[in-house]
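With compact mmCIF, C-alpha atoms inside, this is entry25.txt:
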```txt
# COMPACT_ATOMS: atom_id res chain seq x y z
CA MET A 1 0.00 0.00 0.00
CA LYS A 2 2.85 2.38 0.81
CA SER A 3 4.46 1.77 -2.56
CA PHE A 4 1.12 2.44 -4.28
CA LYS A 5 0.78 5.73 -2.39
CA ARG A 6 4.35 6.67 -3.27
CA TRP A 7 3.69 5.98 -6.94
CA ILE A 8 0.55 8.19 -6.89
CA ARG A 9 2.42 11.04 -5.22
CA ASN A 10 5.31 10.91 -7.69
CA TYR A 11 3.06 10.60 -10.74
CA PHE A 12 0.48 13.28 -9.90
CA HIS A 13 2.69 15.46 -7.64
CA PHE A 14 0.18 15.12 -4.79
CA ASN A 15 0.89 15.81 -1.14
CA GLN A 16 -0.03 13.32 1.60
CA ARG A 17 -3.54 14.71 2.11
CA GLU A 18 -4.34 14.74 -1.61
CA THR A 19 -3.05 11.18 -1.99
CA ASN A 20 -5.33 9.88 0.78
CA GLY A 21 -8.30 11.70 -0.75
CA PHE A 22 -7.54 10.22 -4.17
CA ILE A 23 -7.43 6.67 -2.80
CA PHE A 24 -10.69 7.25 -0.91
CA LEU A 25 -12.31 8.48 -4.13
CA LEU A 26 -11.18 5.31 -5.95
CA LEU A 27 -12.77 3.15 -3.26
CA VAL A 28 -16.05 5.07 -3.47
CA LEU A 29 -16.14 4.69 -7.26
CA ALA A 30 -15.50 0.96 -6.95
CA LEU A 31 -18.33 0.63 -4.42
CA VAL A 32 -20.72 2.55 -6.71
CA ALA A 33 -19.80 0.29 -9.63
CA VAL A 34 -20.48 -2.91 -7.63
CA LEU A 35 -23.59 -1.67 -5.80
CA PRO A 36 -26.11 -2.41 -8.63
CA TYR A 37 -25.10 -6.07 -8.60
CA LEU A 38 -25.56 -6.33 -4.84
CA TRP A 39 -28.93 -4.59 -4.78
CA LYS A 40 -31.88 -6.92 -4.62
CA THR A 41 -34.38 -6.28 -7.40
CA THR A 42 -38.10 -6.79 -6.97
CA ASN A 43 -40.48 -8.43 -9.43
CA ALA A 44 -43.16 -5.74 -9.04
CA THR A 45 -44.52 -4.56 -12.40
CA TYR A 46 -45.40 -0.97 -13.16
CA ASP A 47 -49.10 -0.19 -13.66
CA PRO A 48 -49.44 2.89 -15.91
CA GLY A 49 -53.20 3.13 -15.40
CA PRO A 50 -53.35 5.74 -12.57
CA ASP A 51 -50.70 7.95 -14.21
CA ARG A 52 -52.50 7.77 -17.54
CA GLN A 53 -55.75 8.94 -15.93
CA ILE A 54 -53.96 11.93 -14.39
CA LEU A 55 -52.38 12.86 -17.75
CA ASP A 56 -55.72 12.55 -19.56
CA SER A 57 -57.41 14.87 -17.04
CA LEU A 58 -54.61 17.42 -17.40
CA ALA A 59 -54.87 17.26 -21.20
CA ALA A 60 -58.61 17.87 -21.01
CA GLN A 61 -58.06 20.93 -18.80
CA LEU A 62 -55.38 22.22 -21.17
CA LYS A 63 -57.72 22.07 -24.18
CA THR A 64 -60.28 24.26 -22.43
CA SER A 65 -57.72 26.71 -21.02
CA PRO A 66 -57.79 30.21 -22.56
CA TYR A 67 -54.06 30.64 -21.93
CA GLN A 68 -52.64 27.95 -24.21
CA PRO A 69 -52.12 28.34 -27.97
CA TYR A 70 -54.49 25.57 -29.03
CA GLY A 71 -57.44 26.42 -26.78
CA PRO A 72 -60.27 28.84 -27.48
CA LYS A 73 -58.99 32.35 -28.00
CA LYS A 74 -60.52 35.34 -26.34
CA GLN A 75 -62.13 37.74 -28.74
CA ILE A 76 -60.88 41.31 -28.48
CA ALA A 77 -63.89 43.52 -28.00
CA SER A 78 -64.09 46.49 -30.30
CA ALA A 79 -64.69 49.96 -28.93
CA LYS A 80 -68.30 50.81 -28.26
CA PRO A 81 -69.77 53.76 -30.17
CA ILE A 82 -69.44 56.99 -28.21
CA PRO A 83 -72.74 58.76 -27.41
CA ALA A 84 -73.33 61.76 -29.66
CA GLU A 85 -73.63 64.17 -26.69
CA LEU A 86 -70.03 63.39 -25.69
CA LEU A 87 -68.60 64.01 -29.14
CA HIS A 88 -67.46 67.63 -29.32
CA PRO A 89 -64.10 69.33 -29.94
CA PHE A 90 -61.79 69.01 -26.94
CA ASP A 91 -58.22 69.70 -25.86
CA PRO A 92 -56.55 66.43 -24.77
CA ASN A 93 -54.18 68.37 -22.53
CA LYS A 94 -57.10 69.47 -20.29
CA LEU A 95 -58.92 66.15 -19.76
CA ASN A 96 -58.49 64.24 -16.52
CA GLN A 97 -58.65 60.47 -16.07
CA LYS A 98 -62.37 60.39 -15.34
CA GLN A 99 -63.18 62.37 -18.49
CA TRP A 100 -61.08 60.00 -20.63
CA GLU A 101 -62.94 57.05 -19.11
CA GLN A 102 -66.26 58.69 -20.02
CA LEU A 103 -65.06 58.73 -23.63
CA GLY A 104 -64.69 54.93 -23.48
CA LEU A 105 -61.00 54.58 -22.57
CA PRO A 106 -60.13 51.81 -20.05
CA ALA A 107 -58.96 53.09 -16.67
CA PHE A 108 -55.43 51.65 -16.92
CA VAL A 109 -54.95 53.09 -20.43
CA ALA A 110 -56.25 56.48 -19.27
CA LYS A 111 -53.74 56.48 -16.44
CA ARG A 112 -50.96 55.48 -18.86
CA LEU A 113 -52.00 58.29 -21.23
CA LEU A 114 -51.80 60.91 -18.47
CA THR A 115 -48.35 59.65 -17.47
CA TYR A 116 -47.20 59.92 -21.08
CA ARG A 117 -48.65 63.44 -21.30
CA ASP A 118 -46.83 64.58 -18.17
CA LYS A 119 -43.48 63.25 -19.35
CA ALA A 120 -43.94 64.79 -22.80
CA HIS A 121 -45.00 68.11 -21.23
CA GLY A 122 -48.31 68.00 -23.07
CA PHE A 123 -49.54 66.73 -26.42
CA THR A 124 -48.60 68.85 -29.43
CA TYR A 125 -50.14 66.74 -32.24
CA LYS A 126 -52.64 63.91 -32.60
CA GLU A 127 -50.19 61.14 -33.43
CA GLN A 128 -48.80 61.30 -29.89
CA ILE A 129 -52.12 60.08 -28.50
CA GLN A 130 -52.19 57.17 -30.93
CA ARG A 131 -48.72 56.12 -29.78
CA VAL A 132 -49.85 55.45 -26.20
CA TYR A 133 -49.60 51.70 -25.69
CA GLY A 134 -53.02 50.04 -25.44
CA PHE A 135 -55.05 52.92 -26.88
CA PRO A 136 -57.86 51.21 -28.88
CA PRO A 137 -57.54 52.03 -32.60
CA GLU A 138 -61.33 52.05 -33.03
CA LEU A 139 -61.73 54.58 -30.22
CA TYR A 140 -59.02 56.80 -31.68
CA ALA A 141 -60.77 56.72 -35.09
CA GLN A 142 -63.94 58.07 -33.42
CA LEU A 143 -62.14 60.75 -31.40
CA GLU A 144 -59.59 61.92 -33.97
CA PRO A 145 -61.87 64.45 -35.79
CA TYR A 146 -62.68 66.18 -32.47
CA ILE A 147 -59.12 66.56 -31.10
CA ASN A 148 -58.00 70.20 -31.22
CA LEU A 149 -54.43 69.44 -32.33
CA PRO A 150 -52.62 69.15 -35.67
CA VAL A 151 -52.39 65.65 -37.09
CA THR A 152 -48.58 65.49 -37.21
CA ASN A 153 -45.62 67.50 -35.99
CA ASN A 154 -45.53 70.54 -38.28
CA SER A 155 -41.93 71.34 -37.39
CA ARG A 156 -40.78 68.33 -39.43
CA SER A 157 -42.02 69.82 -42.68
CA TYR A 158 -40.50 73.25 -42.10
CA ALA A 159 -37.37 72.38 -44.04
CA ASN A 160 -39.47 71.69 -47.14
CA THR A 161 -40.84 75.27 -47.13
CA GLU A 162 -37.40 76.85 -47.25
CA SER A 163 -35.86 78.00 -50.48
CA LYS A 164 -33.52 75.54 -52.13
CA ASN A 165 -30.87 78.24 -52.53
CA GLU A 166 -31.05 79.31 -48.89
CA PRO A 167 -28.93 77.26 -46.48
CA SER A 168 -30.88 75.65 -43.67
CA TYR A 169 -28.66 77.10 -40.97
CA SER A 170 -29.46 80.72 -41.89
CA LYS A 171 -32.50 80.71 -39.60
CA TYR A 172 -31.17 78.14 -37.12
CA PRO A 173 -27.51 78.93 -36.48
CA GLU A 174 -27.41 76.43 -33.60
CA ASN A 175 -27.75 73.60 -36.15
CA THR A 176 -24.25 74.41 -37.41
CA LYS A 177 -22.75 73.23 -34.12
CA PRO A 178 -21.71 69.56 -34.05
CA ARG A 179 -23.70 67.41 -31.64
CA TYR A 180 -20.60 65.55 -30.50
CA THR A 181 -16.89 65.70 -31.08
CA ARG A 182 -15.56 62.85 -33.17
CA LYS A 183 -12.42 61.13 -32.08
CA SER A 184 -9.58 61.81 -34.46
CA ASN A 185 -9.00 59.20 -37.14
CA PHE A 186 -5.35 60.28 -37.45
CA LEU A 187 -3.67 59.03 -34.27
CA ALA A 188 0.05 58.75 -33.89
CA PRO A 189 1.18 55.14 -33.25
CA PHE A 190 1.87 54.47 -29.57
CA ASP A 191 3.60 51.79 -27.49
CA ILE A 192 0.92 49.47 -26.09
CA ASN A 193 3.09 48.68 -23.04
CA ALA A 194 3.58 52.36 -22.17
CA ALA A 195 0.09 53.67 -22.96
CA ASP A 196 -2.22 54.87 -20.21
CA THR A 197 -6.01 54.97 -20.17
CA ILE A 198 -6.06 58.49 -21.66
CA GLN A 199 -4.11 57.30 -24.70
CA LEU A 200 -6.30 54.21 -25.14
CA LYS A 201 -9.55 56.19 -24.93
CA LYS A 202 -8.53 58.22 -27.99
CA LEU A 203 -9.52 55.22 -30.10
CA ARG A 204 -13.14 55.20 -31.16
CA GLY A 205 -15.17 52.65 -29.16
CA ILE A 206 -12.80 52.36 -26.19
CA GLY A 207 -14.15 53.97 -23.04
CA SER A 208 -12.94 54.13 -19.47
CA LYS A 209 -14.03 50.58 -18.63
CA LEU A 210 -12.31 48.88 -21.58
CA ALA A 211 -9.18 51.01 -21.20
CA ALA A 212 -8.88 50.08 -17.51
CA ARG A 213 -9.44 46.41 -18.36
CA ILE A 214 -6.60 46.45 -20.93
CA ILE A 215 -4.21 48.09 -18.44
CA LYS A 216 -5.15 45.60 -15.70
CA PHE A 217 -4.60 42.58 -17.95
CA ARG A 218 -1.27 44.01 -19.16
CA ASP A 219 -0.04 44.50 -15.59
CA LYS A 220 -1.04 40.97 -14.50
CA LEU A 221 0.52 39.52 -17.65
CA GLY A 222 3.80 41.39 -17.29
CA GLY A 223 3.43 43.28 -20.57
CA PHE A 224 2.41 42.38 -24.11
CA GLU A 225 4.97 40.36 -26.05
CA ASN A 226 2.90 40.76 -29.22
CA LEU A 227 -0.32 42.49 -30.20
CA GLU A 228 -2.15 39.18 -30.72
CA GLN A 229 -2.33 38.88 -26.93
CA LEU A 230 -4.89 41.71 -26.96
CA ARG A 231 -7.46 39.13 -28.08
CA GLU A 232 -7.16 37.56 -24.61
CA VAL A 233 -8.48 40.68 -22.86
CA TYR A 234 -11.93 39.81 -21.55
CA GLY A 235 -14.77 41.67 -23.28
CA LEU A 236 -12.59 43.40 -25.89
CA PRO A 237 -14.48 43.19 -29.23
CA PRO A 238 -12.57 41.98 -32.32
CA GLU A 239 -12.98 45.35 -34.04
CA MET A 240 -11.31 47.06 -31.07
CA VAL A 241 -8.43 44.58 -31.29
CA ASP A 242 -8.00 45.49 -34.96
CA SER A 243 -7.95 49.20 -34.09
CA LEU A 244 -5.32 48.64 -31.41
CA ARG A 245 -3.20 46.61 -33.81
CA LYS A 246 -3.46 49.45 -36.32
CA TYR A 247 -2.46 52.29 -33.99
CA SER A 248 -0.16 50.58 -31.44
CA PHE A 249 3.06 48.59 -31.46
CA VAL A 250 5.39 46.63 -29.15
CA ASP A 251 8.77 48.29 -28.76
CA LYS A 252 11.73 46.17 -29.87
CA SER A 253 13.51 46.80 -26.56
CA PHE A 254 10.56 45.54 -24.50
CA GLN A 255 11.39 43.21 -21.61
CA ALA A 256 8.52 41.44 -19.88
CA ASN A 257 8.15 41.49 -16.10
CA LYS A 258 9.18 37.97 -15.12
CA VAL A 259 8.12 35.76 -12.22
CA ASN A 260 10.81 33.75 -10.42
CA VAL A 261 9.52 30.16 -10.32
CA ASN A 262 11.97 29.23 -7.56
CA ALA A 263 11.07 32.12 -5.26
CA ALA A 264 7.47 33.02 -6.06
CA THR A 265 4.76 31.87 -3.67
CA LEU A 266 1.62 30.04 -4.71
CA ALA A 267 -0.38 33.28 -4.42
CA GLN A 268 2.04 35.12 -6.69
CA LEU A 269 2.13 32.37 -9.32
CA GLN A 270 -1.63 31.91 -9.53
CA GLN A 271 -2.13 35.62 -10.27
CA HIS A 272 -0.58 35.21 -13.71
CA PRO A 273 -3.26 34.81 -16.45
CA TYR A 274 -1.41 31.90 -18.08
CA LEU A 275 -1.00 29.85 -14.87
CA GLY A 276 -4.00 29.98 -12.56
CA TYR A 277 -4.38 28.15 -9.27
CA LYS A 278 -4.13 24.54 -10.50
CA LEU A 279 -0.93 24.91 -12.52
CA ALA A 280 0.65 27.16 -9.90
CA ARG A 281 -0.05 24.53 -7.24
CA HIS A 282 1.61 21.83 -9.35
CA ILE A 283 4.69 24.01 -9.88
CA VAL A 284 5.03 24.55 -6.13
CA ALA A 285 4.48 20.82 -5.45
CA TYR A 286 7.12 19.81 -8.01
CA ARG A 287 9.54 22.38 -6.59
CA THR A 288 8.94 21.08 -3.06
CA GLN A 289 9.52 17.42 -4.00
CA HIS A 290 12.44 17.83 -6.45
CA GLY A 291 14.09 21.02 -5.26
CA PRO A 292 14.56 24.30 -7.15
CA PHE A 293 14.33 24.29 -10.93
CA SER A 294 17.74 24.25 -12.59
CA SER A 295 16.32 25.46 -15.92
CA LEU A 296 12.96 26.49 -17.31
CA ASP A 297 12.90 23.29 -19.38
CA ASP A 298 12.40 21.37 -16.11
CA LEU A 299 8.84 22.69 -16.15
CA ARG A 300 8.12 20.23 -18.98
CA ASN A 301 8.31 17.44 -16.38
CA ILE A 302 5.03 18.68 -14.90
CA LYS A 303 2.44 16.52 -16.63
CA THR A 304 -0.38 19.08 -16.39
CA LEU A 305 1.70 21.69 -18.26
CA ASP A 306 1.21 21.20 -21.99
CA GLU A 307 3.67 22.47 -24.58
CA ALA A 308 1.43 25.31 -25.84
CA THR A 309 1.04 26.74 -22.35
CA TYR A 310 4.78 26.31 -21.71
CA GLN A 311 5.66 28.36 -24.79
CA LYS A 312 3.19 31.10 -23.80
CA ILE A 313 4.40 31.36 -20.21
CA LYS A 314 8.14 30.95 -20.83
CA PRO A 315 8.85 34.65 -21.67
CA TYR A 316 7.33 35.63 -18.31
CA LEU A 317 9.32 33.20 -16.11
CA ALA A 318 12.80 33.42 -14.63
CA LEU A 319 15.01 31.43 -12.24
```
How would this structure read if it were set down as structure tokens?
Amino acid sequence: MKSFKRWIRNYFHFNQRETNGFIFLLLVLALVAVLPYLWKTTNATYDPGPDRQILDSLAAQLKTSPYQPYGPKKQIASAKPIPAELLHPFDPNKLNQKQWEQLGLPAFVAKRLLTYRDKAHGFTYKEQIQRVYGFPPELYAQLEPYINLPVTNNSRSYANTESKNEPSYSKYPENTKPRYTRKSNFLAPFDINAADTIQLKKLRGIGSKLAARIIKFRDKLGGFENLEQLREVYGLPPEMVDSLRKYSFVDKSFQANKVNVNAATLAQLQQHPYLGYKLARHIVAYRTQHGPFSSLDDLRNIKTLDEATYQKIKPYLAL
């Protein structure tokens, strides 16, 4: 048994506690595999009759339910004709909820209409009333001739009344001001490993959050060896990566911030994006059992470290 434990520890780089847990797990799995053969089976047969009766009753209730797609559908009642004595020209900005209800509008729609009117600071044309969610089209067709408002927003058609030779900003000089300032499309190339958030935010589409995320990933990584590593920044869209590749570069004299695998603690190793807790724990376990690493190639002896990860992490490690 001791030799078996020793073999497990050397093969998986487990400590004593992990080895005992692994052996216990093997015993549990063996017990689960044998348990079906030891369990006594009964000869009782399943009677589907009671369950079938329950399902049939549920199906019958479902067919008569008004809330399922195959049952009878509720008919939407059309608006009732408004009494002639109530039909007279009116200002929709002066009616209260009770008066709207007298015109045939449901109470909840009347309340919604008043809320819309308050937020819009009053109705200025008829189409605004028709836009209120739930307003019956038939009721609007009856009331529309009596609403003392223009049909549409007249300010939209003002531009059509102007002379073709007269510029539109002659009467509205404020329209000549840009609504927002565009970010410059002619940025000087910058070093991605020396850029701060202000420099990154000059690119269109990169705000404070994305810029801070790029800086944070760069610091945890130890610097960008190449611009393709920008694709590993969480939440950075591909089009933003292309913009960064276009306007940034990695200086030829760049030296990554390296982590000493013989001196770094587990907490320090696991902070690196290419290691994580599991691989960092295996590095510390291997270092504890076999002594300090004599070269970075000794990391290849760790079975959980594949070659692709080794090549990615190698520029950021030192002895």
Quick one: everything within 12 Å of Asn193 of chain A, counting all atoms listed in the file, minus sequence neighbours fewer than 6 positions away in the same chain. Send it as a PyMOL selection string. chain A and resi 199-200+214-219+221-227+229-230+244+248-257
For Arg117 of chain A, find every residue with an atom within 10 Å (counting all atoms listed in the file), except residues of its own chain fewer than 6 positions away, and show them as JSON, numbers by chain. {"A": [92, 93, 111, 123, 124, 128, 129, 132]}
Which one of A:Pro315, A:Ile147, A:Gln61, A:Thr265 sits closest to Tyr277 of chain A if you count only C-alpha atoms?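 So, comparing all the options, the nearest one is A:Thr265.
Shortest separation to Ala264 of chain A among A:Asp242, A:Leu55, A:Leu319, A:Asn15 occurs at residue A:Leu319, atoms counted being only C-alpha atoms.
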